[in-house]
>>> print(open('upload12.cif').read())   # mmCIF, C-alpha atoms
data_entry
loop_
_atom_site.label_atom_id
_atom_site.label_comp_id
_atom_site.auth_asym_id
_atom_site.auth_seq_id
_atom_site.Cartn_x
_atom_site.Cartn_y
_atom_site.Cartn_z
CA MET A 1 -15.59 51.65 -22.64
CA GLU A 2 -16.73 50.59 -26.09
CA ALA A 3 -16.62 46.89 -25.19
CA SER A 4 -19.08 47.24 -22.33
CA ASP A 5 -21.37 49.50 -24.37
CA LYS A 6 -21.52 46.76 -26.99
CA VAL A 7 -22.34 44.15 -24.37
CA GLU A 8 -25.12 46.26 -22.86
CA LYS A 9 -26.71 46.69 -26.28
CA GLN A 10 -26.54 42.93 -26.79
CA ALA A 11 -28.19 42.35 -23.43
CA GLU A 12 -30.98 44.81 -24.16
CA ALA A 13 -31.59 43.03 -27.45
CA GLY A 14 -32.09 39.75 -25.58
CA SER A 15 -28.92 37.97 -26.66
CA PRO A 16 -28.16 34.92 -24.49
CA ALA A 17 -25.70 35.62 -21.65
CA PRO A 18 -23.07 37.70 -23.47
CA SER A 19 -19.73 38.54 -21.82
CA PHE A 20 -17.13 41.21 -22.36
CA PRO A 21 -15.08 40.29 -25.44
CA ASP A 22 -11.64 41.24 -24.07
CA ASN A 23 -12.12 39.37 -20.77
CA SER A 24 -14.39 36.55 -21.94
CA ASP A 25 -13.07 34.10 -19.34
CA ARG A 26 -13.32 36.57 -16.42
CA TRP A 27 -16.77 38.13 -16.98
CA CYS A 28 -20.21 36.52 -16.97
CA PHE A 29 -23.10 38.56 -18.31
CA VAL A 30 -26.63 37.09 -18.04
CA SER A 31 -29.83 38.63 -19.41
CA LEU A 32 -33.13 37.09 -18.31
CA SER A 33 -35.89 36.44 -20.83
CA GLU A 34 -39.41 37.65 -20.11
CA GLU A 35 -40.46 34.08 -19.31
CA GLU A 36 -37.56 33.64 -16.89
CA ARG A 37 -38.37 36.95 -15.21
CA GLU A 38 -42.00 35.89 -14.71
CA ASP A 39 -40.91 32.53 -13.28
CA VAL A 40 -38.54 34.22 -10.83
CA ALA A 41 -41.24 36.71 -9.78
CA ALA A 42 -43.68 33.87 -9.09
CA ALA A 43 -41.06 31.94 -7.08
CA LEU A 44 -40.41 35.05 -5.02
CA ASP A 45 -43.94 36.31 -4.47
CA ASP A 46 -45.72 32.97 -4.02
CA GLY A 47 -42.79 31.14 -2.43
CA LEU A 48 -39.99 32.70 -0.43
CA LEU A 49 -41.62 36.07 0.33
CA LYS A 50 -44.99 34.58 1.22
CA GLN A 51 -43.43 31.93 3.45
CA THR A 52 -41.13 34.31 5.31
CA GLN A 53 -43.90 36.86 5.77
CA GLU A 54 -46.22 34.23 7.24
CA ALA A 55 -43.43 33.03 9.53
CA GLY A 56 -42.57 36.58 10.60
CA VAL A 57 -38.96 36.37 9.35
CA PRO A 58 -37.60 39.91 8.84
CA PHE A 59 -35.42 40.94 5.90
CA ALA A 60 -31.66 41.41 6.31
CA THR A 61 -31.35 38.78 9.04
CA SER A 62 -29.46 35.50 9.02
CA GLN A 63 -32.81 33.73 9.33
CA PHE A 64 -33.99 35.32 6.09
CA PHE A 65 -30.72 34.40 4.35
CA ASP A 66 -31.22 30.82 5.58
CA GLN A 67 -34.66 30.70 3.98
CA ALA A 68 -33.40 32.24 0.75
CA GLU A 69 -30.65 29.63 0.49
CA VAL A 70 -33.08 26.69 0.36
CA ALA A 71 -35.89 28.36 -1.62
CA GLU A 72 -36.69 26.70 -4.95
CA GLY A 73 -36.73 28.37 -8.37
CA ILE A 74 -35.31 31.76 -7.40
CA LEU A 75 -32.61 31.95 -10.09
CA PRO A 76 -32.54 30.53 -13.63
CA GLN A 77 -29.85 28.06 -14.65
CA SER A 78 -27.83 30.67 -16.55
CA ALA A 79 -27.54 32.85 -13.44
CA ARG A 80 -26.68 29.91 -11.19
CA SER A 81 -23.95 28.82 -13.60
CA ALA A 82 -22.44 32.31 -13.73
CA LEU A 83 -22.38 32.57 -9.94
CA SER A 84 -20.73 29.15 -9.71
CA SER A 85 -17.93 30.43 -11.94
CA LEU A 86 -17.48 33.43 -9.67
CA ARG A 87 -17.41 31.25 -6.55
CA ARG A 88 -14.85 28.87 -8.11
CA GLY A 89 -12.60 31.75 -9.14
CA THR A 90 -12.89 31.16 -12.88
CA ALA A 91 -14.71 34.49 -13.25
CA ASP A 92 -14.19 37.83 -11.52
CA CYS A 93 -17.49 39.55 -12.18
CA VAL A 94 -21.13 38.59 -12.82
CA VAL A 95 -23.83 40.92 -14.15
CA ILE A 96 -27.42 39.61 -14.13
CA ARG A 97 -29.84 41.77 -16.10
CA GLY A 98 -33.62 41.93 -15.86
CA LEU A 99 -34.47 40.35 -12.51
CA PRO A 100 -37.86 41.28 -11.01
CA HIS A 101 -37.74 44.49 -8.99
CA ASP A 102 -39.78 46.52 -6.54
CA HIS A 103 -41.48 49.77 -7.52
CA ILE A 104 -40.73 52.07 -4.58
CA LYS A 105 -41.05 55.82 -5.10
CA GLY A 106 -41.06 58.86 -2.87
CA GLN A 107 -38.87 57.32 -0.21
CA GLN A 108 -35.29 58.07 0.70
CA PRO A 109 -33.91 55.13 2.68
CA GLY A 110 -32.35 56.15 5.96
CA GLU A 111 -34.01 59.56 5.90
CA GLU A 112 -34.74 60.80 9.40
CA HIS A 113 -38.41 60.40 10.39
CA ALA A 114 -39.12 58.61 7.11
CA SER A 115 -40.99 55.34 7.21
CA LYS A 116 -38.79 52.92 5.33
CA THR A 117 -40.21 50.13 3.21
CA ALA A 118 -37.58 47.49 2.54
CA PRO A 119 -37.65 46.22 -1.08
CA PRO A 120 -39.01 42.64 -0.73
CA ARG A 121 -37.87 41.28 -4.09
CA GLY A 122 -34.53 43.06 -3.82
CA ASN A 123 -33.82 41.57 -0.40
CA ALA A 124 -34.88 38.11 -1.54
CA LEU A 125 -32.72 38.13 -4.67
CA LEU A 126 -29.71 39.62 -2.89
CA SER A 127 -29.97 37.00 -0.13
CA SER A 128 -30.29 34.14 -2.60
CA VAL A 129 -27.19 35.26 -4.55
CA VAL A 130 -25.16 35.81 -1.37
CA ARG A 131 -25.76 32.27 -0.17
CA ARG A 132 -24.72 30.87 -3.55
CA LEU A 133 -21.34 32.52 -3.04
CA GLY A 134 -20.83 32.01 0.70
CA PHE A 135 -22.13 33.72 3.83
CA GLU A 136 -23.15 37.27 4.67
CA TYR A 137 -21.26 39.21 7.33
CA SER A 138 -20.86 42.80 8.50
CA TYR A 139 -18.70 45.27 10.41
CA ALA A 140 -19.92 46.80 13.66
CA LYS A 141 -18.53 50.19 12.54
CA GLU A 142 -20.19 50.22 9.14
CA LYS A 143 -23.93 50.82 8.68
CA ASP A 144 -24.45 49.86 12.35
CA GLY A 145 -23.52 46.25 11.61
CA ALA A 146 -26.31 45.72 9.08
CA LEU A 147 -26.06 42.59 6.90
CA VAL A 148 -27.78 44.42 4.01
CA HIS A 149 -26.74 48.01 3.26
CA ASP A 150 -28.91 50.68 1.68
CA ILE A 151 -26.66 52.60 -0.71
CA TYR A 152 -28.05 56.03 -1.60
CA PRO A 153 -26.86 59.65 -1.94
CA THR A 154 -26.91 61.96 1.08
CA LYS A 155 -26.33 65.66 1.57
CA ALA A 156 -23.55 65.04 4.08
CA GLY A 157 -21.73 62.56 1.85
CA ALA A 158 -22.10 64.42 -1.44
CA THR A 159 -18.39 65.07 -2.03
CA LYS A 160 -16.80 62.29 0.02
CA GLN A 161 -15.12 59.16 -1.31
CA SER A 162 -17.91 57.01 0.09
CA ASN A 163 -21.02 55.16 -1.06
CA GLU A 164 -23.09 58.24 -0.10
CA SER A 165 -21.36 60.52 -2.63
CA TRP A 166 -22.93 61.84 -5.84
CA LYS A 167 -21.23 65.15 -6.69
CA VAL A 168 -17.87 63.44 -7.29
CA ASP A 169 -16.72 60.27 -9.01
CA LEU A 170 -16.17 57.33 -6.67
CA SER A 171 -12.63 56.24 -7.54
CA LEU A 172 -11.65 52.65 -8.31
CA HIS A 173 -11.01 50.63 -5.15
CA THR A 174 -11.37 47.26 -3.49
CA GLU A 175 -13.86 47.12 -0.64
CA ASN A 176 -12.41 47.87 2.81
CA ALA A 177 -8.86 47.52 1.49
CA PHE A 178 -7.45 48.87 4.78
CA HIS A 179 -9.10 46.18 6.91
CA PRO A 180 -7.44 42.91 8.07
CA ILE A 181 -10.61 40.95 7.18
CA ARG A 182 -12.13 41.87 3.83
CA PRO A 183 -15.02 40.57 1.70
CA ASP A 184 -14.36 37.75 -0.72
CA PHE A 185 -17.31 38.99 -2.78
CA VAL A 186 -19.49 42.09 -2.95
CA VAL A 187 -23.09 41.82 -4.19
CA LEU A 188 -25.09 44.85 -5.39
CA TYR A 189 -28.75 44.90 -6.42
CA CYS A 190 -30.29 47.95 -8.10
CA VAL A 191 -33.62 49.03 -6.59
CA ARG A 192 -33.88 52.41 -8.28
CA THR A 193 -31.77 54.58 -10.56
CA PRO A 194 -31.93 58.03 -12.20
CA GLU A 195 -33.23 58.35 -15.73
CA ALA A 196 -29.59 58.68 -16.76
CA PRO A 197 -27.95 56.01 -14.57
CA PRO A 198 -24.31 56.54 -13.62
CA ALA A 199 -21.72 54.12 -14.90
CA THR A 200 -20.25 51.63 -12.46
CA HIS A 201 -16.65 50.94 -13.46
CA LEU A 202 -14.94 47.60 -12.91
CA ALA A 203 -11.30 46.74 -13.56
CA VAL A 204 -10.20 43.10 -13.49
CA LEU A 205 -6.72 42.61 -12.03
CA ARG A 206 -5.69 40.18 -14.79
CA ASP A 207 -6.33 42.96 -17.30
CA ILE A 208 -4.41 45.53 -15.22
CA LEU A 209 -1.19 43.58 -14.71
CA PRO A 210 -0.15 43.35 -18.40
CA ARG A 211 -0.13 47.15 -18.49
CA LEU A 212 2.61 47.28 -15.82
CA THR A 213 6.34 46.61 -16.09
CA ASP A 214 7.95 43.69 -14.26
CA GLU A 215 9.73 46.18 -12.00
CA GLU A 216 6.44 47.92 -11.10
CA VAL A 217 4.77 44.60 -10.31
CA ALA A 218 7.70 43.55 -8.12
CA THR A 219 7.51 46.85 -6.22
CA LEU A 220 3.76 46.55 -5.71
CA LYS A 221 4.32 43.17 -4.02
CA GLU A 222 6.46 44.74 -1.30
CA PRO A 223 5.11 46.34 1.93
CA ARG A 224 6.20 49.81 0.85
CA PHE A 225 2.78 51.45 0.89
CA THR A 226 0.31 52.95 3.34
CA ILE A 227 -3.48 53.26 3.20
CA LYS A 228 -5.84 55.58 5.06
CA VAL A 229 -8.75 54.19 7.05
CA VAL A 230 -11.98 55.32 5.36
CA ASP A 231 -14.24 57.81 7.11
CA SER A 232 -17.10 55.36 7.68
CA PHE A 233 -14.90 53.38 10.10
CA LEU A 234 -13.86 56.48 12.06
CA THR A 235 -17.17 56.89 13.84
CA GLY A 236 -15.97 56.95 17.45
CA GLY A 237 -13.87 60.11 17.35
CA GLU A 238 -10.68 58.28 16.34
CA GLU A 239 -7.84 60.16 14.71
CA ASN A 240 -7.06 59.54 11.06
CA ALA A 241 -4.89 56.46 10.66
CA ARG A 242 -2.61 55.10 7.94
CA LEU A 243 -1.76 51.40 7.81
CA GLN A 244 1.05 49.60 5.98
CA LEU A 245 0.22 47.16 3.18
CA LYS A 246 1.30 45.43 -0.02
CA ILE A 247 -0.84 46.35 -3.01
CA LEU A 248 -0.31 43.00 -4.76
CA ASP A 249 -0.16 39.60 -3.14
CA GLY A 250 -0.95 35.97 -3.88
CA CYS A 251 0.79 33.70 -6.38
CA SER A 252 1.33 34.02 -10.11
CA ARG A 253 -1.66 31.76 -10.81
CA HIS A 254 -3.94 33.77 -8.53
CA PRO A 255 -2.74 37.33 -7.90
CA VAL A 256 -4.82 39.46 -5.52
CA VAL A 257 -5.01 43.19 -4.86
CA ARG A 258 -5.82 45.75 -2.16
CA TRP A 259 -6.42 49.24 -3.53
CA HIS A 260 -7.85 52.65 -2.74
CA GLU A 261 -7.13 56.07 -4.18
CA ASN A 262 -5.54 57.13 -0.90
CA VAL A 263 -2.75 54.51 -1.09
CA ARG A 264 0.67 56.17 -0.95
CA GLY A 265 4.21 54.89 -1.50
CA ILE A 266 6.74 55.33 1.30
CA ASP A 267 9.51 56.23 -1.16
CA LYS A 268 9.82 57.63 -4.68
CA SER A 269 9.98 54.24 -6.42
CA ALA A 270 6.91 53.00 -4.52
CA GLU A 271 5.00 56.20 -5.28
CA ASN A 272 5.83 55.82 -8.98
CA ALA A 273 4.43 52.30 -8.82
CA VAL A 274 1.24 53.68 -7.23
CA GLN A 275 0.80 56.12 -10.10
CA ALA A 276 1.46 53.40 -12.68
CA PHE A 277 -1.08 51.07 -11.08
CA SER A 278 -3.70 53.81 -10.90
CA ALA A 279 -3.27 54.63 -14.59
CA ALA A 280 -3.35 50.94 -15.60
CA ALA A 281 -6.53 50.32 -13.59
CA LYS A 282 -8.32 53.26 -15.21
CA ALA A 283 -7.26 52.07 -18.65
CA ALA A 284 -8.51 48.53 -17.95
CA ALA A 285 -11.88 49.54 -16.49
CA GLN A 286 -15.18 48.59 -18.14
CA ALA A 287 -18.49 50.37 -17.55
CA VAL A 288 -21.85 48.90 -16.54
CA ARG A 289 -24.98 51.01 -16.04
CA LEU A 290 -27.24 49.31 -13.53
CA GLN A 291 -31.01 49.47 -14.03
CA PRO A 292 -33.73 48.41 -11.53
CA GLY A 293 -33.63 44.62 -11.28
CA ASP A 294 -29.95 44.35 -12.26
CA LEU A 295 -27.54 42.54 -9.96
CA LEU A 296 -23.76 42.85 -9.89
CA ALA A 297 -21.46 40.47 -8.00
CA PHE A 298 -17.67 40.55 -8.11
CA ALA A 299 -14.59 39.09 -6.44
CA ASN A 300 -13.23 41.79 -4.16
CA GLU A 301 -9.60 40.60 -4.23
CA THR A 302 -9.36 40.50 -8.03
CA CYS A 303 -11.71 43.25 -9.21
CA LEU A 304 -11.65 47.00 -8.54
CA HIS A 305 -14.86 48.99 -8.69
CA GLY A 306 -15.90 52.64 -8.81
CA ARG A 307 -18.74 54.86 -10.01
CA ASP A 308 -19.33 58.08 -11.92
CA LYS A 309 -20.90 61.09 -10.24
CA PHE A 310 -24.60 61.64 -10.87
CA ASP A 311 -27.44 64.06 -10.24
CA ALA A 312 -29.40 63.63 -7.01
CA SER A 313 -32.46 65.51 -5.77
CA LEU A 314 -32.59 63.93 -2.28
CA ASP A 315 -36.38 63.78 -2.57
CA GLY A 316 -36.97 60.05 -2.46
CA SER A 317 -36.42 59.40 -6.16
CA ASP A 318 -32.64 58.95 -6.24
CA ARG A 319 -30.39 55.99 -6.99
CA TRP A 320 -30.79 53.17 -4.47
CA LEU A 321 -28.80 49.95 -4.28
CA LEU A 322 -28.76 47.08 -1.81
CA ARG A 323 -25.32 45.72 -0.86
CA SER A 324 -24.01 42.74 1.08
CA TYR A 325 -20.52 41.51 1.89
CA VAL A 326 -19.74 37.81 1.45
CA ARG A 327 -17.10 35.46 2.86
CA ARG A 328 -16.63 31.90 1.61
CA ASP A 329 -15.86 30.83 5.18
CA LEU A 330 -16.85 32.62 8.39
CA THR A 331 -14.52 30.74 10.75
CA PRO A 332 -11.73 33.40 10.52
CA LEU A 333 -14.24 35.84 12.03
CA MET A 334 -14.77 33.80 15.20
CA PRO A 335 -12.20 35.61 17.42
CA PHE A 336 -13.72 38.97 16.50
CA VAL A 337 -17.48 38.48 16.94
CA LEU A 338 -19.88 38.20 19.85
CA SER A 339 -22.11 35.18 20.41
CA SER A 340 -25.12 37.51 20.20
CA ALA A 341 -24.03 38.74 16.74
CA PRO A 342 -21.90 35.96 15.21
CA GLN A 343 -21.62 37.61 11.78
CA THR A 344 -20.66 41.14 12.84
CA ILE A 345 -16.93 41.86 13.15
CA ARG A 346 -15.90 43.81 16.25
CA MET A 347 -12.16 44.38 16.09
CA ASP A 348 -9.58 47.10 15.90
CA LEU A 349 -7.44 47.58 12.82
CA ASN A 350 -4.50 45.63 14.27
CA ALA A 351 -6.70 42.52 14.21
CA ARG A 352 -7.19 42.47 17.98
CA ALA A 353 -10.52 41.26 19.27
CA VAL A 354 -12.57 43.96 20.97
CA GLY A 355 -15.76 43.80 22.98
#
>>> encode(input="upload12.cif", output="structure tokens")
Amino acid sequence: MEASDKVEKQAEAGSPAPSFPDNSDRWCFVSLSEEEREDVAAALDDGLLKQTQEAGVPFATSQFFDQAEVAEGILPQSARSALSSLRRGTADCVVIRGLPHDHIKGQQPGEEHASKTAPPRGNALLSSVVRRLGFEYSYAKEKDGALVHDIYPTKAGATKQSNESWKVDLSLHTENAFHPIRPDFVVLYCVRTPEAPPATHLAVLRDILPRLTDEEVATLKEPRFTIKVVDSFLTGGEENARLQLKILDGCSRHPVVRWHENVRGIDKSAENAVQAFSAAAKAAAQAVRLQPGDLLAFANETCLHGRDKFDASLDGSDRWLLRSYVRRDLTPLMPFVLSSAPQTIRMDLNARAVG
């Protein structure tokens, strides 16, 4: 992780938009200057947030995303350029340091009977970035179909492989790898973090593949693997399910991946390939420690992500991220959504439309 540590020190020192040295064409790292941060804060507070508040437009709605898309001056040129590279596919990951943030203490989002204050600046910045990459969407079975997810530790999720965990490492994975329709991009914005923030680990597929043999890559391209449906999608009393998949797909110029720690091979050769891929991904991973006001966006089909365990007190002071899923094009969702909620997927895992 020495490369990423070096980059973070450069960013803290105010160096202009550094990137990881061993993946310089796949990472974009932007650090805002104090002047840029003040300009963004003014554009948010006196522009987008003031206008949407006066118009009564609530956060985390398509109407708010619409307003964020056309708002002026939200992101500096360096951030817009980095996000363009991600959207075009010439980068796999973008880290934007030092955006304005909200100072919210003493509140645990989602806590029963707690009055929740949504982070205004966080929602505005997340929405603006999402619309530069595509369009927000959600799953009816995840976070009640919310377009913006509050990511925070819970007592019930402490040891699970889920975004609510904190007592265990969250293993490298691609988002919703089991699902027929997956995000093109994932966007995370840091609202709050512990004094010692946990490392978020990211592994770019193009850095993983050279660590594998030709035989292992060929095996990973075959449908000789199964994946377990994650717990958050088993909310209606369903039995545990395993689905068949190929870990690697796409063409040689643009390979793509579906991965979770629960992937298993259906025979010895396939299971050996699983173990080889897991080891290669861990070896390729870089670490980023998100601070309040930092934003991370990555291509879900070419970048694995995970997170270290961390201390949580569950008293309203713990780590808190905002998350949204992004698709370049929403038309593939049309058979699986309702007219009343056109961006929320309602489907079973065999890609059959459900009411």
>>> resolve_selection(input="upload12.cif", expression="the PyMOL selection byres ((chain A and resi 68) around 8)", output="PyMOL selection string")
chain A and resi 48+64-67+69-71+124+127-128+131
>>> closest_atom_pairs(input="upload12.cif", of="region 319-348 of chain A", to="region 86-91 of chain A", cutoff="12 Å", atoms="only C-alpha atoms", output="JSON lines")
{"residue": "A:Val326", "atom": "CA", "partner": "A:Arg87", "partner_atom": "CA", "distance": 10.6}
{"residue": "A:Arg327", "atom": "CA", "partner": "A:Arg87", "partner_atom": "CA", "distance": 10.3}
{"residue": "A:Arg328", "atom": "CA", "partner": "A:Arg87", "partner_atom": "CA", "distance": 8.2}
{"residue": "A:Asp329", "atom": "CA", "partner": "A:Arg87", "partner_atom": "CA", "distance": 11.8}
>>> write_last_selection(input="upload12.cif", atoms="C-alpha atoms", output="tab-separated table (two decimals), in the frame of the given file")
chain	number	residue	atom	x	y	z
A	326	VAL	CA	-19.74	37.81	1.45
A	327	ARG	CA	-17.10	35.46	2.86
A	328	ARG	CA	-16.63	31.90	1.61
A	329	ASP	CA	-15.86	30.83	5.18
>>> resolve_selection(input="upload12.cif", expression="the PyMOL selection byres ((chain A and resi 297) around 8)", output="ChimeraX atom specification")
/A:93-95,185-188,295-296,298-299
>>> atom_distance(input="upload12.cif", atom1="CA of Ser31 (chain A)", atom2="CA of Glu195 (chain A)")
20.3 Å
>>> closest_residue(input="upload12.cif", among="A:Ala241, A:Ala43, A:Leu212, A:Ala199", to="Lys309 (chain A)", atoms="all atoms listed in the file")
A:Ala199
>>> residues_around(input="upload12.cif", residues="Val168 (chain A)", least_positions_apart="4", cutoff="9 Å", atoms="only C-alpha atoms", output="PyMOL selection string")
chain A and resi 158-161+308-310
>>> resolve_selection(input="upload12.cif", expression="the PyMOL selection byres ((chain A and resi 279) around 12)", output="NGL selection string")
:A and (171-172 or 203 or 208-209 or 211-212 or 261 or 272-278 or 280-285)
>>> residues_around(input="upload12.cif", residues="region 303-305 of chain A", least_positions_apart="5", cutoff="6 Å", atoms="only C-alpha atoms", output="list of chain:residue names")
A:Leu172, A:His173, A:Thr174, A:His201, A:Leu202, A:Ala203, A:Val204, A:Leu205
>>> decode(input="upload12.cif", residues="region 39-69 of chain A", atoms="N, CA and C atoms", output="short mmCIF file (atom, residue, chain, number, x, y, z; two decimals), in the first residue's frame")
data_model
loop_
_atom_site.label_atom_id
_atom_site.label_comp_id
_atom_site.auth_asym_id
_atom_site.auth_seq_id
_atom_site.Cartn_x
_atom_site.Cartn_y
_atom_site.Cartn_z
N ASP A 39 -15.25 28.28 -3.42
CA ASP A 39 -16.12 28.52 -4.58
C ASP A 39 -17.22 27.47 -4.66
N VAL A 40 -16.85 26.21 -4.41
CA VAL A 40 -17.85 25.14 -4.44
C VAL A 40 -18.88 25.34 -3.33
N ALA A 41 -18.41 25.70 -2.12
CA ALA A 41 -19.33 25.92 -1.01
C ALA A 41 -20.32 27.03 -1.32
N ALA A 42 -19.85 28.10 -1.94
CA ALA A 42 -20.74 29.21 -2.30
C ALA A 42 -21.76 28.77 -3.35
N ALA A 43 -21.29 28.00 -4.34
CA ALA A 43 -22.21 27.52 -5.39
C ALA A 43 -23.27 26.60 -4.80
N LEU A 44 -22.90 25.84 -3.79
CA LEU A 44 -23.86 24.95 -3.14
C LEU A 44 -24.85 25.73 -2.27
N ASP A 45 -24.29 26.51 -1.35
CA ASP A 45 -25.13 27.15 -0.33
C ASP A 45 -26.00 28.26 -0.91
N ASP A 46 -25.45 29.06 -1.81
CA ASP A 46 -26.19 30.20 -2.37
C ASP A 46 -26.89 29.86 -3.68
N GLY A 47 -26.58 28.67 -4.23
CA GLY A 47 -27.17 28.28 -5.51
C GLY A 47 -28.10 27.10 -5.37
N LEU A 48 -27.56 25.91 -5.60
CA LEU A 48 -28.38 24.70 -5.66
C LEU A 48 -29.19 24.47 -4.39
N LEU A 49 -28.55 24.54 -3.22
CA LEU A 49 -29.27 24.23 -1.98
C LEU A 49 -30.33 25.27 -1.66
N LYS A 50 -30.02 26.53 -1.89
CA LYS A 50 -31.00 27.59 -1.65
C LYS A 50 -32.20 27.45 -2.59
N GLN A 51 -31.91 27.18 -3.86
CA GLN A 51 -32.98 27.07 -4.86
C GLN A 51 -33.89 25.87 -4.59
N THR A 52 -33.29 24.74 -4.27
CA THR A 52 -34.11 23.55 -4.04
C THR A 52 -34.89 23.65 -2.73
N GLN A 53 -34.30 24.31 -1.74
CA GLN A 53 -35.03 24.50 -0.49
C GLN A 53 -36.24 25.40 -0.70
N GLU A 54 -36.05 26.48 -1.44
CA GLU A 54 -37.16 27.40 -1.70
C GLU A 54 -38.25 26.73 -2.53
N ALA A 55 -37.84 25.81 -3.41
CA ALA A 55 -38.82 25.12 -4.26
C ALA A 55 -39.41 23.89 -3.59
N GLY A 56 -38.92 23.56 -2.40
CA GLY A 56 -39.43 22.40 -1.68
C GLY A 56 -39.04 21.07 -2.30
N VAL A 57 -37.88 21.01 -2.95
CA VAL A 57 -37.41 19.77 -3.58
C VAL A 57 -36.62 18.96 -2.55
N PRO A 58 -37.08 17.78 -2.18
CA PRO A 58 -36.37 17.00 -1.15
C PRO A 58 -35.12 16.32 -1.70
N PHE A 59 -34.16 16.07 -0.80
CA PHE A 59 -32.95 15.34 -1.17
C PHE A 59 -33.30 13.92 -1.58
N ALA A 60 -32.37 13.29 -2.30
CA ALA A 60 -32.46 11.86 -2.64
C ALA A 60 -33.68 11.54 -3.49
N THR A 61 -34.12 12.49 -4.29
CA THR A 61 -35.20 12.28 -5.24
C THR A 61 -34.69 12.59 -6.64
N SER A 62 -35.37 12.04 -7.64
CA SER A 62 -34.96 12.33 -9.02
C SER A 62 -35.05 13.81 -9.33
N GLN A 63 -36.01 14.49 -8.70
CA GLN A 63 -36.15 15.93 -8.91
C GLN A 63 -34.92 16.68 -8.41
N PHE A 64 -34.37 16.23 -7.27
CA PHE A 64 -33.17 16.88 -6.75
C PHE A 64 -31.98 16.58 -7.66
N PHE A 65 -31.85 15.34 -8.12
CA PHE A 65 -30.78 15.00 -9.06
C PHE A 65 -30.89 15.85 -10.33
N ASP A 66 -32.12 16.07 -10.81
CA ASP A 66 -32.32 16.90 -11.99
C ASP A 66 -31.76 18.32 -11.78
N GLN A 67 -32.05 18.87 -10.61
CA GLN A 67 -31.57 20.22 -10.30
C GLN A 67 -30.04 20.24 -10.16
N ALA A 68 -29.49 19.21 -9.56
CA ALA A 68 -28.04 19.15 -9.39
C ALA A 68 -27.33 19.05 -10.74
N GLU A 69 -27.95 18.38 -11.69
CA GLU A 69 -27.32 18.19 -13.00
C GLU A 69 -27.11 19.51 -13.73
#
